[in-house]
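The data block below is protein_16.cif; it holds mmCIF, C-alpha atoms.
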```cif
data_data
loop_
_atom_site.label_atom_id
_atom_site.label_comp_id
_atom_site.auth_asym_id
_atom_site.auth_seq_id
_atom_site.Cartn_x
_atom_site.Cartn_y
_atom_site.Cartn_z
CA MET A 1 0.00 0.00 0.00
CA ASN A 2 1.20 3.50 -0.78
CA ALA A 3 0.40 6.55 1.40
CA ALA A 4 -2.92 7.25 -0.37
CA GLN A 5 -3.98 3.62 0.03
CA LEU A 6 -2.97 3.69 3.69
CA GLY A 7 -5.24 6.72 4.12
CA GLN A 8 -8.12 4.87 2.48
CA PHE A 9 -7.43 1.81 4.65
CA TYR A 10 -7.32 3.86 7.85
CA ARG A 11 -10.51 5.79 7.13
CA GLY A 12 -12.20 2.45 6.37
CA TYR A 13 -10.96 1.09 9.69
CA LEU A 14 -12.47 4.03 11.59
CA VAL A 15 -15.79 3.65 9.73
CA CYS A 16 -15.75 0.02 10.86
CA LEU A 17 -15.08 1.03 14.48
CA ASN A 18 -17.66 3.81 14.51
CA ALA A 19 -20.28 1.38 13.14
CA GLN A 20 -19.16 -1.25 15.69
CA ASP A 21 -19.17 -3.55 12.67
CA TRP A 22 -17.14 -6.28 14.33
CA ALA A 23 -17.76 -8.76 11.52
CA GLN A 24 -15.52 -6.56 9.32
CA LEU A 25 -12.77 -5.95 11.90
CA GLY A 26 -10.64 -8.82 10.57
CA GLN A 27 -10.24 -6.92 7.29
CA TYR A 28 -8.27 -4.29 9.19
CA VAL A 29 -6.73 -5.99 12.22
CA HIS A 30 -4.14 -8.78 12.04
CA ASP A 31 -4.80 -12.14 13.69
CA GLU A 32 -1.67 -11.55 15.78
CA ALA A 33 -2.31 -7.90 16.61
CA SER A 34 -0.82 -6.32 19.70
CA HIS A 35 -1.78 -3.10 21.50
CA ASN A 36 0.65 -1.22 23.75
CA GLY A 37 2.80 -4.33 23.86
CA ARG A 38 -0.06 -6.66 24.85
CA ARG A 39 -0.40 -9.50 22.33
CA PHE A 40 -4.17 -9.41 22.03
CA GLY A 41 -4.74 -11.10 18.70
CA LEU A 42 -7.83 -10.13 16.72
CA ALA A 43 -10.29 -11.45 19.33
CA GLY A 44 -8.61 -9.58 22.18
CA TYR A 45 -8.35 -6.42 20.08
CA GLN A 46 -12.10 -6.63 19.37
CA ALA A 47 -12.81 -7.23 23.07
CA MET A 48 -10.83 -4.06 23.92
CA LEU A 49 -12.90 -2.03 21.45
CA GLU A 50 -16.19 -3.51 22.66
CA LYS A 51 -15.22 -2.57 26.21
CA ASP A 52 -14.41 0.98 25.03
CA PHE A 53 -17.89 1.32 23.50
CA ALA A 54 -19.50 -0.16 26.63
CA GLN A 55 -17.69 2.43 28.78
CA ILE A 56 -18.37 5.27 26.32
CA PRO A 57 -21.79 4.85 24.69
CA ASP A 58 -21.31 7.90 22.41
CA LEU A 59 -17.72 7.03 21.42
CA HIS A 60 -16.78 8.25 17.95
CA PHE A 61 -13.34 8.17 16.34
CA ASN A 62 -12.38 11.38 14.49
CA ILE A 63 -9.09 12.08 12.74
CA ALA A 64 -7.55 15.45 13.68
CA LEU A 65 -4.26 14.71 11.89
CA ALA A 66 -2.92 11.59 10.21
CA VAL A 67 0.52 10.82 8.82
CA TYR A 68 0.93 7.95 6.36
CA GLU A 69 4.24 6.37 5.44
CA PRO A 70 4.16 2.67 4.54
CA PRO A 71 4.02 0.47 6.53
CA ASN A 72 3.11 2.93 9.30
CA ILE A 73 0.22 5.19 10.20
CA ALA A 74 0.30 7.83 12.91
CA ALA A 75 -2.90 9.57 13.95
CA ARG A 76 -3.95 12.29 16.32
CA LEU A 77 -7.55 11.41 17.14
CA ALA A 78 -10.00 13.92 18.63
CA PHE A 79 -12.72 12.66 20.97
CA ASP A 80 -15.78 14.52 22.22
CA CYS A 81 -17.77 12.06 24.30
CA SER A 82 -19.26 11.15 27.67
CA PRO A 83 -17.64 8.15 29.39
CA ALA A 84 -19.93 6.55 31.94
CA GLY A 85 -18.54 5.93 35.44
CA MET A 86 -14.78 5.52 35.78
CA PHE A 87 -12.61 5.99 32.70
CA LEU A 88 -8.83 5.53 32.77
CA GLY A 89 -8.95 5.81 36.55
CA LEU A 90 -10.93 9.06 36.46
CA ALA A 91 -14.48 9.51 37.79
CA VAL A 92 -15.93 10.99 34.62
CA ASN A 93 -19.47 9.76 35.43
CA GLY A 94 -21.07 10.73 32.14
CA LYS A 95 -19.60 14.23 31.88
CA ARG A 96 -18.85 15.35 28.33
CA VAL A 97 -15.10 15.59 27.81
CA ARG A 98 -12.83 16.46 24.87
CA PHE A 99 -9.44 14.86 24.59
CA ALA A 100 -6.86 13.56 22.14
CA GLU A 101 -5.29 10.18 21.49
CA HIS A 102 -1.95 9.83 19.68
CA VAL A 103 -1.61 6.40 18.12
CA PHE A 104 0.99 4.69 15.94
CA TYR A 105 0.13 1.63 13.87
CA GLU A 106 2.52 -0.72 12.16
CA LEU A 107 0.94 -2.79 9.39
CA ARG A 108 1.88 -6.32 8.39
CA ASP A 109 0.12 -8.29 5.65
CA GLU A 110 -1.84 -5.05 4.98
CA LYS A 111 -3.45 -5.15 8.45
CA ILE A 112 -2.84 -3.46 11.80
CA TRP A 113 -0.25 -5.58 13.52
CA GLN A 114 1.07 -3.33 16.28
CA ALA A 115 -0.55 -0.27 17.83
CA TRP A 116 0.99 2.10 20.36
CA SER A 117 -1.46 4.53 21.92
CA LEU A 118 -1.33 7.39 24.41
CA ILE A 119 -4.43 9.21 25.64
CA ASP A 120 -4.44 12.73 27.08
CA THR A 121 -5.69 11.79 30.55
CA ALA A 122 -4.52 15.14 31.97
CA ALA A 123 -6.99 16.93 29.67
CA ILE A 124 -9.80 14.65 30.90
CA ALA A 125 -8.83 15.21 34.56
CA ALA A 126 -8.91 18.98 33.99
CA GLN A 127 -12.50 18.80 32.66
CA ILE A 128 -14.17 16.81 35.43
CA MET B 1 11.14 18.35 1.61
CA ASN B 2 10.30 14.78 0.73
CA ALA B 3 10.00 11.98 3.33
CA ALA B 4 13.74 11.19 3.28
CA GLN B 5 14.62 14.86 3.74
CA LEU B 6 12.10 15.12 6.57
CA GLY B 7 13.89 12.21 8.25
CA GLN B 8 17.24 13.95 7.86
CA PHE B 9 15.73 17.19 9.19
CA TYR B 10 14.19 15.47 12.20
CA ARG B 11 17.32 13.54 13.15
CA GLY B 12 19.26 16.82 12.88
CA TYR B 13 16.71 18.49 15.16
CA LEU B 14 17.18 15.80 17.82
CA VAL B 15 20.99 16.05 17.56
CA CYS B 16 20.55 19.78 18.20
CA LEU B 17 18.33 19.13 21.25
CA ASN B 18 20.58 16.43 22.68
CA ALA B 19 23.60 18.75 22.34
CA GLN B 20 21.53 21.60 23.87
CA ASP B 21 22.90 23.59 20.94
CA TRP B 22 20.40 26.43 21.27
CA ALA B 23 22.26 28.62 18.78
CA GLN B 24 21.15 26.18 16.06
CA LEU B 25 17.54 25.76 17.23
CA GLY B 26 16.28 28.44 14.84
CA GLN B 27 17.31 26.21 11.91
CA TYR B 28 14.65 23.74 13.01
CA VAL B 29 11.97 25.70 14.87
CA HIS B 30 9.78 28.38 13.31
CA ASP B 31 9.73 31.92 14.73
CA GLU B 32 6.00 31.46 15.29
CA ALA B 33 6.13 27.92 16.67
CA SER B 34 3.40 26.62 18.94
CA HIS B 35 3.40 23.61 21.28
CA ASN B 36 0.19 21.93 22.42
CA GLY B 37 -1.71 24.98 21.28
CA ARG B 38 0.48 27.46 23.18
CA ARG B 39 1.94 30.06 20.80
CA PHE B 40 5.46 30.01 22.17
CA GLY B 41 7.48 31.37 19.28
CA LEU B 42 11.09 30.28 18.95
CA ALA B 43 12.19 31.91 22.23
CA GLY B 44 9.39 30.29 24.24
CA TYR B 45 10.00 26.93 22.56
CA GLN B 46 13.69 27.16 23.53
CA ALA B 47 12.73 28.14 27.10
CA MET B 48 10.50 25.04 27.30
CA LEU B 49 13.40 22.82 26.20
CA GLU B 50 15.86 24.48 28.58
CA LYS B 51 13.40 23.88 31.42
CA ASP B 52 13.12 20.21 30.36
CA PHE B 53 16.91 19.79 30.55
CA ALA B 54 17.02 21.63 33.90
CA GLN B 55 14.39 19.21 35.28
CA ILE B 56 16.02 16.15 33.68
CA PRO B 57 19.82 16.50 33.67
CA ASP B 58 20.29 13.22 31.72
CA LEU B 59 17.53 13.92 29.20
CA HIS B 60 18.18 12.32 25.79
CA PHE B 61 15.78 12.18 22.84
CA ASN B 62 15.66 8.77 21.10
CA ILE B 63 13.45 7.83 18.16
CA ALA B 64 11.58 4.54 18.67
CA LEU B 65 9.42 5.01 15.56
CA ALA B 66 9.02 7.92 13.16
CA VAL B 67 6.56 8.48 10.33
CA TYR B 68 7.32 11.07 7.68
CA GLU B 69 4.78 12.48 5.25
CA PRO B 70 5.35 16.06 4.11
CA PRO B 71 4.65 18.48 5.73
CA ASN B 72 4.19 16.32 8.84
CA ILE B 73 6.35 14.22 11.14
CA ALA B 74 5.03 11.85 13.80
CA ALA B 75 7.42 10.31 16.30
CA ARG B 76 7.26 7.86 19.14
CA LEU B 77 10.16 8.90 21.37
CA ALA B 78 11.64 6.61 24.00
CA PHE B 79 13.10 8.15 27.16
CA ASP B 80 15.26 6.49 29.79
CA CYS B 81 16.20 9.20 32.28
CA SER B 82 16.09 10.47 35.84
CA PRO B 83 13.95 13.58 36.37
CA ALA B 84 14.94 15.49 39.51
CA GLY B 85 12.17 16.42 41.95
CA MET B 86 8.65 16.79 40.57
CA PHE B 87 8.02 15.96 36.92
CA LEU B 88 4.60 16.34 35.30
CA GLY B 89 3.05 16.45 38.75
CA LEU B 90 4.80 13.26 39.86
CA ALA B 91 7.40 13.01 42.65
CA VAL B 92 10.06 11.25 40.59
CA ASN B 93 12.91 12.63 42.74
CA GLY B 94 15.77 11.37 40.60
CA LYS B 95 14.48 7.84 40.06
CA ARG B 96 15.34 6.35 36.67
CA VAL B 97 12.18 5.97 34.59
CA ARG B 98 11.42 4.77 31.09
CA PHE B 99 8.51 6.26 29.18
CA ALA B 100 7.31 7.23 25.74
CA GLU B 101 6.24 10.50 24.13
CA HIS B 102 4.04 10.60 21.03
CA VAL B 103 4.50 13.83 19.14
CA PHE B 104 3.16 15.25 15.88
CA TYR B 105 4.91 18.11 14.11
CA GLU B 106 3.56 20.23 11.29
CA LEU B 107 6.25 22.05 9.32
CA ARG B 108 5.90 25.43 7.67
CA ASP B 109 8.74 27.17 5.78
CA GLU B 110 10.73 23.93 6.37
CA LYS B 111 10.66 24.41 10.16
CA ILE B 112 8.61 23.05 13.06
CA TRP B 113 5.57 25.27 13.25
CA GLN B 114 3.12 23.26 15.35
CA ALA B 115 3.84 20.42 17.75
CA TRP B 116 1.29 18.29 19.58
CA SER B 117 2.75 16.07 22.28
CA LEU B 118 1.47 13.48 24.73
CA ILE B 119 3.68 11.87 27.38
CA ASP B 120 2.97 8.51 29.02
CA THR B 121 2.60 9.83 32.56
CA ALA B 122 0.86 6.60 33.65
CA ALA B 123 4.04 4.66 32.85
CA ILE B 124 6.07 7.10 34.96
CA ALA B 125 3.60 6.88 37.85
CA ALA B 126 3.83 3.08 37.76
CA GLN B 127 7.64 3.20 38.12
CA ILE B 128 7.99 5.51 41.12
#
```
Represent the supplied structure as structure tokens.
Amino acid sequence: MNAAQLGQFYRGYLVCLNAQDWAQLGQYVHDEASHNGRRFGLAGYQAMLEKDFAQIPDLHFNIALAVYEPPNIAARLAFDCSPAGMFLGLAVNGKRVRFAEHVFYELRDEKIWQAWSLIDTAAIAAQI
Amino acid sequence: MNAAQLGQFYRGYLVCLNAQDWAQLGQYVHDEASHNGRRFGLAGYQAMLEKDFAQIPDLHFNIALAVYEPPNIAARLAFDCSPAGMFLGLAVNGKRVRFAEHVFYELRDEKIWQAWSLIDTAAIAAQI
């Protein structure tokens, strides 16, 4: 995949997430995917995402900035949502919060194989 | 600059930081640079870096992963250092800690014009 194809792939991946279309997730995520060094595999990766949507009923992934250079994608994601109860150790309790995630993906076999993510928890803490 | 030139530029920028060679910083950082939405300008950007080195005497910038797509750079930086006293609200007090930073740079006029950075404070907290 070239940079333009990576962009198409990544936007398709986020459409899949936002639709919670788990039947399609295997088109985007490798069977041996890992996340922040945890070797989840596809099933574990899906379970992580399902948990995210359970914690944050109005979760929506939005690209603020994306950088594509095969075989890597880097994205600054912008969230505007209302996590229920505790979220990342913070008592958000349904309050609407805006925060960023910075995530790096390494692709293998044209699928997400490794992801490294950091979330701006300080911004969330400052809003609750 | 193409992707290869961006890589050369970025590695040169980190050499400059690691040498604390502030006389050269203006080759890499725009006069109107901003960092996490704060419009620092070159002088304020340098002051931020000088403060970082004052807080962390053994600070060294290392690239774990970098993604280059003009006019943007995204980098996962790996730190292994010993912040003195308080660091990002945490009482590190000289303990050696390892953590990542995920940073996005947008270049203008072939210099860093906007930077958006997140630091893995949870990893630091878990090590002290």
Inset, instruction - Could you jot down the CA of Val92 in chain B to CA of Gly89 in chain A separation for me, Å, one decimal place? - result: 20.2 Å
Inset, instruction - Please write as a list in words the full residue list that the PyMOL selection byres ((chain B and resi 113-121) around 7) yields on this file. - result: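 Listing what the PyMOL selection byres ((chain B and resi 113-121) around 7) selects in the shown file: Leu118 and Asp120 of chain A; Val29, His30, Glu32, Ala33, Ser34, His35, Asn36, Phe99, Ala100, Glu101, His102, Val103, Phe104, Tyr105, Glu106, Leu107, Arg108, Lys111, Ile112, Ala122, Ala123, Ile124 and Ala125 of chain B.
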Using the chain letters and numbers from the file, which residues does the PyMOL selection byres ((chain A and resi 86) around 12) grab, as an mmCIF file with C-alpha atoms, keeping the file's coordinate frame?
```
data_model
loop_
_atom_site.group_PDB
_atom_site.id
_atom_site.type_symbol
_atom_site.label_atom_id
_atom_site.label_comp_id
_atom_site.auth_asym_id
_atom_site.auth_seq_id
_atom_site.Cartn_x
_atom_site.Cartn_y
_atom_site.Cartn_z
ATOM 1 C CA ASP A 52 -14.410 0.980 25.030
ATOM 2 C CA ALA A 54 -19.500 -0.160 26.630
ATOM 3 C CA GLN A 55 -17.690 2.430 28.780
ATOM 4 C CA ILE A 56 -18.370 5.270 26.320
ATOM 5 C CA SER A 82 -19.260 11.150 27.670
ATOM 6 C CA PRO A 83 -17.640 8.150 29.390
ATOM 7 C CA ALA A 84 -19.930 6.550 31.940
ATOM 8 C CA GLY A 85 -18.540 5.930 35.440
ATOM 9 C CA PHE A 87 -12.610 5.990 32.700
ATOM 10 C CA LEU A 88 -8.830 5.530 32.770
ATOM 11 C CA GLY A 89 -8.950 5.810 36.550
ATOM 12 C CA LEU A 90 -10.930 9.060 36.460
ATOM 13 C CA ALA A 91 -14.480 9.510 37.790
ATOM 14 C CA VAL A 92 -15.930 10.990 34.620
ATOM 15 C CA ASN A 93 -19.470 9.760 35.430
ATOM 16 C CA GLY A 94 -21.070 10.730 32.140
ATOM 17 C CA LYS A 95 -19.600 14.230 31.880
ATOM 18 C CA ILE A 124 -9.800 14.650 30.900
ATOM 19 C CA ALA A 125 -8.830 15.210 34.560
ATOM 20 C CA ILE A 128 -14.170 16.810 35.430
#
```
Legend entry - Polymer residues at most 12 Å from Cys16 in chain A, only C-alpha atoms, same-chain spacing of 2 or more positions, as a list of chain:residue names: A:Phe9, A:Tyr10, A:Arg11, A:Gly12, A:Tyr13, A:Leu14, A:Asn18, A:Ala19, A:Gln20, A:Asp21, A:Trp22, A:Ala23, A:Gln24, A:Leu25, A:Gly26, A:Gln27, A:Tyr28, A:Val29, A:Gln46, A:Leu49, A:His60, A:Phe61
Inset, instruction - Work out how far apart CA of Leu42 in chain A and CA of Ala64 in chain B are and give it in Å to one decimal. - result: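 Spanning CA of Leu42 in chain A to CA of Ala64 in chain B is a straight-line distance of 24.4 Å.
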Legend entry - Point-to-point distance from CA of Phe79 in chain B to CA of Phe40 in chain A, Å rounded to tenths: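 Taking CA of Phe79 in chain B and CA of Phe40 in chain A, their separation equals 25.2 Å.
Taking all atoms listed in the file into account, Glu69 in chain A lies nearest to B:Ala4 out of the set B:Val15, B:Ala4, B:Glu110, B:Ala43.
Minimum distance to chain A across B:Ala47, B:Ala126, B:Leu17, B:Ala3 (counting only C-alpha atoms) occurs at B:Ala3.
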Inset, instruction - Point out the residue among A:Lys51, A:Arg76, A:Arg39, A:Arg96 with the least atom-to-atom distance to chain B, counting all atoms listed in the file. - result: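 The closest residue to chain B is A:Arg76.
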Legend entry - Nearest candidate to Ile63 in chain A (options A:Gln127, A:Gly7, A:Glu50, A:Gly41; using only C-alpha atoms):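 The shortest atom-to-atom distance to Ile63 in chain A comes from A:Gly7.
Using only C-alpha atoms, the nearest neighbour of chain A within the list B:Arg98, B:Ala78, B:Val67, B:Asp31 is B:Val67.
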